[in-house]
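Trainee: Please see the structure below; I have some questions.
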Amino acid sequence: ETGVTQTPRHLVMGMTNKKSLKCEQHLGHNAMYWYKQSAKKPLELMFVYSLEERVENNSVPSRFSPECPNSSHLFLHLHTLQPEDSALYLCASSHERSNQPQHFGDGTRLSIL
Amino acid sequence: EDQVTQSPEALRLQEGESSSLNCSYTVSGLRGLFWYRQDPGKGPEFLFTLYSAGEEKEKERLKATLTKKESFLHITAPKPEDSATYLCAVQAWTDKLIFGTGTRLQVFP
């Protein structure tokens, strides 16, 4: 496979469930990102990992917990989510955090019941 | 405050009718400006990077230009397959990527 792959593509969960989103990149990049995309809003940066170390957390609630076990994989662990957390969650990767473009996966569409 | 504004919010064109999308920005030190295309149900697809005022990039029917305050994405003789949302993003010296809300383009045959 090439590019950035996200699974699952769709997820429906109750407010008390625990689930995880997975992202894998095959581009040899060493920086990875989680974004939230809601209707009519710009993409919101959630977390940044560079060389497997978290370097940015943009005031994201603790019910979202990222994990980066190596430079190719990124997870977003979810628990006790709220209805307003329903959105498209996008993963991206880039070569370091330089002015090189970020490449995105197709996202996970998350719906909270 | 770093900010990106895209206009128009939506654009309907007849096939072959050329037009331009605008991306205005204010940022503390521009490291790069990026254009992406996003189709429904998909992630953003990278199109261009522009680094300095006066720079231009072309790909098929698309041409991106950059000044010190804004960027334009020119679409020449568009086809229905060019229909998508086009996103602009700027990277400041803080390394953070700031996105606009996008322009939704519809091209009719």
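By convention here, the chains of the structure tokens are called A, B, ... in the order presented, each chain's residues are numbered starting at 1, and ligands are numbered starting at 1 in the order presented.
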Using only C-alpha atoms, which residues of chain B come within 10 Å of chain A, and what is the closest atom pair for each, with the distance in Å to one decimal? Give it as a tab-separated table, sorted by chain and residue number.
Mentor:
```
residue	atom	partner	partner_atom	distance
B:Val4	CA	A:Pro42	CA	9.3
B:Thr5	CA	A:Pro42	CA	9.9
B:Glu9	CA	A:Lys40	CA	9.6
B:Leu30	CA	A:Asn99	CA	9.5
B:Arg31	CA	A:Asn99	CA	6.0
B:Gly32	CA	A:Asn99	CA	5.9
B:Leu33	CA	A:Asn99	CA	8.8
B:Phe34	CA	A:Pro101	CA	7.1
B:Trp35	CA	A:Pro101	CA	9.4
B:Tyr36	CA	A:His103	CA	9.7
B:Gln38	CA	A:Asp106	CA	9.5
B:Asp39	CA	A:Asp106	CA	9.7
B:Pro40	CA	A:Asp106	CA	9.8
B:Gly41	CA	A:Asp106	CA	7.1
B:Lys42	CA	A:Asp106	CA	4.5
B:Gly43	CA	A:Asp106	CA	4.0
B:Pro44	CA	A:Phe104	CA	5.9
B:Glu45	CA	A:Phe104	CA	6.8
B:Phe46	CA	A:His103	CA	6.6
B:Leu47	CA	A:Pro101	CA	9.2
B:Phe48	CA	A:Pro101	CA	8.4
B:Thr49	CA	A:Pro101	CA	7.0
B:Leu50	CA	A:Asn99	CA	9.9
B:Tyr51	CA	A:Asn99	CA	8.5
B:Leu87	CA	A:Pro42	CA	9.0
B:Cys88	CA	A:Pro42	CA	9.8
B:Ala89	CA	A:Leu43	CA	9.5
B:Val90	CA	A:Asn99	CA	9.6
B:Gln91	CA	A:Asn99	CA	7.0
B:Ala92	CA	A:Asn99	CA	9.0
B:Trp93	CA	A:Asn99	CA	9.2
B:Thr94	CA	A:Arg97	CA	9.7
B:Asp95	CA	A:Arg97	CA	6.4
B:Lys96	CA	A:Leu45	CA	8.4
B:Leu97	CA	A:Leu45	CA	8.0
B:Ile98	CA	A:Leu43	CA	7.9
B:Phe99	CA	A:Pro42	CA	5.6
B:Gly100	CA	A:Pro42	CA	5.4
B:Thr101	CA	A:Pro42	CA	4.5
B:Gly102	CA	A:Pro42	CA	7.7
```
Trainee: Just list the residues in chain A DSSP gives strand (DSSP E or B) on the backbone, as JSON, numbers by chain.
Mentor: {"A": [4, 5, 6, 7, 10, 11, 12, 13, 18, 19, 20, 21, 22, 23, 24, 25, 31, 32, 33, 34, 35, 36, 37, 44, 45, 46, 47, 48, 49, 50, 53, 54, 55, 56, 57, 64, 65, 66, 67, 68, 69, 70, 73, 74, 75, 76, 77, 78, 79, 87, 88, 89, 90, 91, 92, 93, 94, 103, 104, 108, 109, 110, 111, 112]}
Trainee: In Å, how far is it from CA of Thr5 (chain A) to CA of Cys23 (chain A)?
Mentor: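 That distance, rounded to one decimal, is 5.7 Å.
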Trainee: Please identify all polymer residues within 10 Å of Glu84 (chain A), counting only C-alpha atoms, omitting same-chain residues fewer than 5 positions from it, and present them as a list in words.
Mentor: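 Listing them by chain and then by number gives Ser38, Ser111 and Ile112 of chain A.
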Trainee: Save the residues we just selected, all heavy atoms, as a PDB file, in the first residue's frame?
Mentor:
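Okay, selection.pdb is ready:
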```pdb
ATOM      1  N   SER A  38     -14.954  19.482  10.902  1.00  0.00           N
ATOM      2  CA  SER A  38     -16.401  19.621  11.088  1.00  0.00           C
ATOM      3  C   SER A  38     -16.946  20.503   9.978  1.00  0.00           C
ATOM      4  O   SER A  38     -16.223  21.324   9.407  1.00  0.00           O
ATOM      5  CB  SER A  38     -16.714  20.270  12.450  1.00  0.00           C
ATOM      6  OG  SER A  38     -16.111  19.543  13.493  1.00  0.00           O
ATOM      7  N   SER A 111     -19.449   9.063  14.391  1.00  0.00           N
ATOM      8  CA  SER A 111     -20.775   9.510  14.843  1.00  0.00           C
ATOM      9  C   SER A 111     -20.990   9.049  16.271  1.00  0.00           C
ATOM     10  O   SER A 111     -20.849   7.857  16.557  1.00  0.00           O
ATOM     11  CB  SER A 111     -21.870   8.943  13.950  1.00  0.00           C
ATOM     12  OG  SER A 111     -21.718   9.386  12.616  1.00  0.00           O
ATOM     13  N   ILE A 112     -21.329   9.978  17.143  1.00  0.00           N
ATOM     14  CA  ILE A 112     -21.572   9.667  18.554  1.00  0.00           C
ATOM     15  C   ILE A 112     -23.074   9.710  18.809  1.00  0.00           C
ATOM     16  O   ILE A 112     -23.725  10.726  18.546  1.00  0.00           O
ATOM     17  CB  ILE A 112     -20.866  10.677  19.479  1.00  0.00           C
ATOM     18  CG1 ILE A 112     -19.381  10.772  19.120  1.00  0.00           C
ATOM     19  CG2 ILE A 112     -21.066  10.293  20.940  1.00  0.00           C
ATOM     20  CD1 ILE A 112     -18.634   9.476  19.256  1.00  0.00           C
TER      21      ILE A 112
END
```
Trainee: Do you know which residues are at most 7 Å from Leu113 (chain A) counting only C-alpha atoms, after dropping those on the same chain fewer than 4 positions away, and could you put them as a list in words?
Mentor: Met13, Gly14, Met15 and Pro83 of chain A
Trainee: With distances taken over only C-alpha atoms, which residue among A:Ser65, A:Thr80, A:Asn30, A:Ser20 lies nearest Met46 (chain A)?
Mentor: A:Ser65
Trainee: Calculate how many Å separate CA of Leu78 (chain A) from CA of Lys19 (chain A), rounding to one decimal.
Mentor: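 Computing the Euclidean distance for CA of Leu78 (chain A) and CA of Lys19 (chain A) yields 5.2 Å.
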Trainee: For CA of Met32 (chain A) and CA of Ala53 (chain B), quote the distance in Å rounded to one decimal.
Mentor: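 So the two atoms, CA of Met32 (chain A) and CA of Ala53 (chain B), lie 28.4 Å apart.
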Trainee: So, with only C-alpha atoms as the atoms that count, which of B:Leu11, B:Val107, B:Ala84, B:Val27 lies closest to Lys68 (chain B)?
Mentor: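 Of the candidates, the smallest distance to Lys68 (chain B) is held by B:Val27.
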